[in-house]
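Student: My questions all concern the structure below.
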Amino acid sequence: LRSLPVSDWIKRKWLAAQCDYAWQALTFAEEQGQTSTTQAAYRQYEQVESSSSPSVALYCGNLGCGGAARTSVLLATGLSFPVAGLYNREPAFPKYAEFLNYLQRHKVAYVEHQIPDCEVLIAWGPAPDAGELPSKLRHVIFFANAPTDACRADFYSWEHLVGSGLKVVRAAYSLDFTGPVVWNGAEPPLYSVKKLRRLMYRGRYAWEKNLYALIAACSGTDIEIDMFGEGPEEKGLWQATEKWSARGLRVHSTPCHDLWAAGYEALILPSVLEASPSVVAEAMLGKTLVIASPVGDVPAILGQDRGILAASSRFEDLRIAIAKYRDMSDAAKEQMAKKAKSFAEKYLTSSNMCRGFEHAITGAVHGESEEPAA
């Protein structure tokens, strides 16, 4: 099973839930003289599963190189339902070639010109024209990933288009939509690394990430932060670090979907707008401390000493939160990191996220009741 290009969660689910069928398939493969019995058994299982499961596709209004890209890949590779592919309606964005390579490495089918034919569509962003919808589409699972008026407008555009066939999965419980809460998940690092005793930021260079306040918080100090990402504010961030004498900040231009936070002692997320940030899940699973502003689901995730919450997104409060981190002893940091990792392993894994989406899909297709996944 280790040689198969599918997620570990699918392998575990297959072995746990399909033991009887797996044994029959393996026996049949051996009788037929198959040289690779495990792969033959998996192909048989996949055919049976796909014949009884709804086909699923992912639709993104405007997908960048950040957390949404990682979430879409985890869903495409982690759902037990057959996934027809990923469609991005507005593909022109910086680092587009790197994003396509990222999808290819994870064996995610990318469709450029039309939405893949499917019965269930997991959607981010505004709805397309009615003529663009697949002919056999029956249900839309709208992923409400930000507590904003724009996100609500996107939801209403889908509701107007598909009517009763719409279910909502919301990443932030502050939204006034009905539907299960599914926190973004991540996969733990494959190996441990020695952590740099520095802070890091990872994400898009955009206004909602509040990075100018972070630079102001570090102005005139010896705080060292590596910033990784790409986006419209990149040039302005370079200029701000020089203007405000934030010499310890290094701005790196790189796609942020493939860079782990586990190599640093702490992650900082100063955003003014978040839902359920996947980079926080990744950091906690990698025992990297998280310093963050109190937005979206972050207070619930980092509560009870699982991280350091700033009082607000203002630069003064960010500076105080960073100072609290720097004053902590190594033993206190280790205890906080262990507590955060334990929580993340229970609630913030990619398998937990996929189970939440599968529950929503099953509820949409079969009319079952929906319950929060986390």
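Residues are named by chain letter and number: chains run A, B, ... in the order of the structure tokens, numbers start at 1 in each chain, and ligands are numbered from 1 in the order shown.
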Give me, as a tab-separated table, each residue of region 219-280 of chain A that comes within 12 Å of region 152-171 of chain A, together with its shortest interatomic pair and the distance in Å at one decimal, counting only C-alpha atoms, with rows ordered by chain and rising residue number.
Tutor:
```
residue	atom	partner	partner_atom	distance
A:Glu274	CA	A:Ala171	CA	9.7
A:Ala275	CA	A:Ala171	CA	5.9
A:Ser276	CA	A:Ala171	CA	5.7
A:Pro277	CA	A:Ala171	CA	9.0
A:Ser278	CA	A:Ala171	CA	10.5
```
Student: Pull N, CA and C atoms from the residues just selected and write them as a PDB file, in the first residue's frame.
Tutor:
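The resulting file, again08.pdb, is shown below:
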```pdb
ATOM      1  N   GLU A 274      -9.558  36.153   8.700  1.00  0.00           N
ATOM      2  CA  GLU A 274      -9.249  34.744   8.482  1.00  0.00           C
ATOM      3  C   GLU A 274     -10.519  33.943   8.747  1.00  0.00           C
ATOM      4  N   ALA A 275     -10.536  32.714   8.315  1.00  0.00           N
ATOM      5  CA  ALA A 275     -11.612  31.794   8.671  1.00  0.00           C
ATOM      6  C   ALA A 275     -10.992  30.693   9.527  1.00  0.00           C
ATOM      7  N   SER A 276     -10.541  29.638   8.882  1.00  0.00           N
ATOM      8  CA  SER A 276      -9.861  28.542   9.569  1.00  0.00           C
ATOM      9  C   SER A 276      -8.531  28.339   8.846  1.00  0.00           C
ATOM     10  N   PRO A 277      -7.498  29.103   9.206  1.00  0.00           N
ATOM     11  CA  PRO A 277      -6.254  29.106   8.419  1.00  0.00           C
ATOM     12  C   PRO A 277      -5.523  27.774   8.464  1.00  0.00           C
ATOM     13  N   SER A 278      -5.267  27.208   7.288  1.00  0.00           N
ATOM     14  CA  SER A 278      -4.600  25.908   7.225  1.00  0.00           C
ATOM     15  C   SER A 278      -3.157  25.987   7.689  1.00  0.00           C
TER      16      SER A 278
END
```
Student: Quick one: residues within 7 Å of region 284-296 of chain A, only C-alpha atoms counted, chain neighbours fewer than 3 positions away excluded, as an MDAnalysis selection string?
Tutor: chainID A and resid 172 188:189 261:262 264:276 280:281 299 307:313 321 337:338 340:341 344:345
Student: Could you give me, as a PyMOL selection string, the residues within 8 Å of region 210-222 of chain A, counting only C-alpha atoms and dropping anything in the same chain fewer than 3 positions from it?
Tutor: chain A and resi 205-207+237+240-241+244-249+270-272+313-316+318-319
Student: Tyr59 (chain A): which residues within 8 Å, counting only C-alpha atoms, same-chain residues fewer than 6 positions away excluded, as a ChimeraX atom specification?
Tutor: /A:86-89,115,121-124
Student: Write out, as a compact mmCIF listing (two decimals), in the first residue's frame, the residues just selected, with C-alpha atoms.
Tutor:
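As written to disk, selection00.txt reads:
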```txt
# COMPACT_ATOMS: atom_id res chain seq x y z
CA LEU A 86 -10.21 20.76 -10.13
CA TYR A 87 -11.51 23.73 -12.13
CA ASN A 88 -10.24 27.28 -11.53
CA ARG A 89 -12.39 29.88 -13.28
CA ILE A 115 -16.26 22.34 -15.07
CA LEU A 121 -19.56 20.20 -6.89
CA ILE A 122 -17.51 21.57 -3.98
CA ALA A 123 -17.38 25.30 -4.70
CA TRP A 124 -15.37 28.32 -3.57
```
Student: Run DSSP on the backbone of this structure and report the residues of region 48-260 of chain A it assigns to alpha helix (DSSP H), as an MDAnalysis selection string.
Tutor: chainID A and resid 48:52 67:78 96:105 149:162 211:218 234:243
Student: Write down as an MDAnalysis selection string the residues of region 89-234 of chain A whose backbone DSSP state falls under strand (DSSP E or B).
Tutor: chainID A and resid 110:111 120:124 139:144 166:170 181 186 196:202 225:229
Student: Work out how far apart CA of His366 (chain A) and CA of Asp117 (chain A) are and give it in Å to one decimal.
Tutor: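 Separation of CA of His366 (chain A) and CA of Asp117 (chain A): 19.8 Å.
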Student: What does the distance between CA of Ser53 (chain A) and CA of Pro126 (chain A) come to in Å, to one decimal place?
Tutor: 26.5 Å
Student: Considering only C-alpha atoms, return as a CSV table (one decimal) with C-alpha atoms, in the first residue's frame whatever protein or nucleic-acid residues lie within 8 Å of Val120 (chain A), sequence-local ones (same chain, fewer than 3 positions apart) excluded.
Tutor:
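Now in out-v7.csv:
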```csv
chain,number,residue,atom,x,y,z
A,54,PRO,CA,-21.4,10.2,-6.4
A,55,SER,CA,-18.7,11.8,-8.6
A,56,VAL,CA,-17.3,15.0,-7.2
A,57,ALA,CA,-15.4,18.0,-8.7
A,137,LEU,CA,-24.9,18.1,-11.6
A,138,ARG,CA,-27.3,17.6,-8.7
A,139,HIS,CA,-25.8,19.2,-5.6
A,140,VAL,CA,-23.4,22.0,-4.7
A,141,ILE,CA,-21.4,22.0,-1.5
A,361,ILE,CA,-21.9,15.3,0.5
```
Student: To one decimal place, how far is CA of Arg198 (chain A) from CA of Asp327 (chain A) in Å?
Tutor: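 Atom-to-atom, CA of Arg198 (chain A) to CA of Asp327 (chain A), that is 13.6 Å.
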Student: Ranking A:Phe142, A:Arg326, A:Val182, A:Val298 by minimum distance to Glu224 (chain A) and counting only C-alpha atoms, which one comes first?
Tutor: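 Closest residue, counting only C-alpha atoms: A:Arg326.
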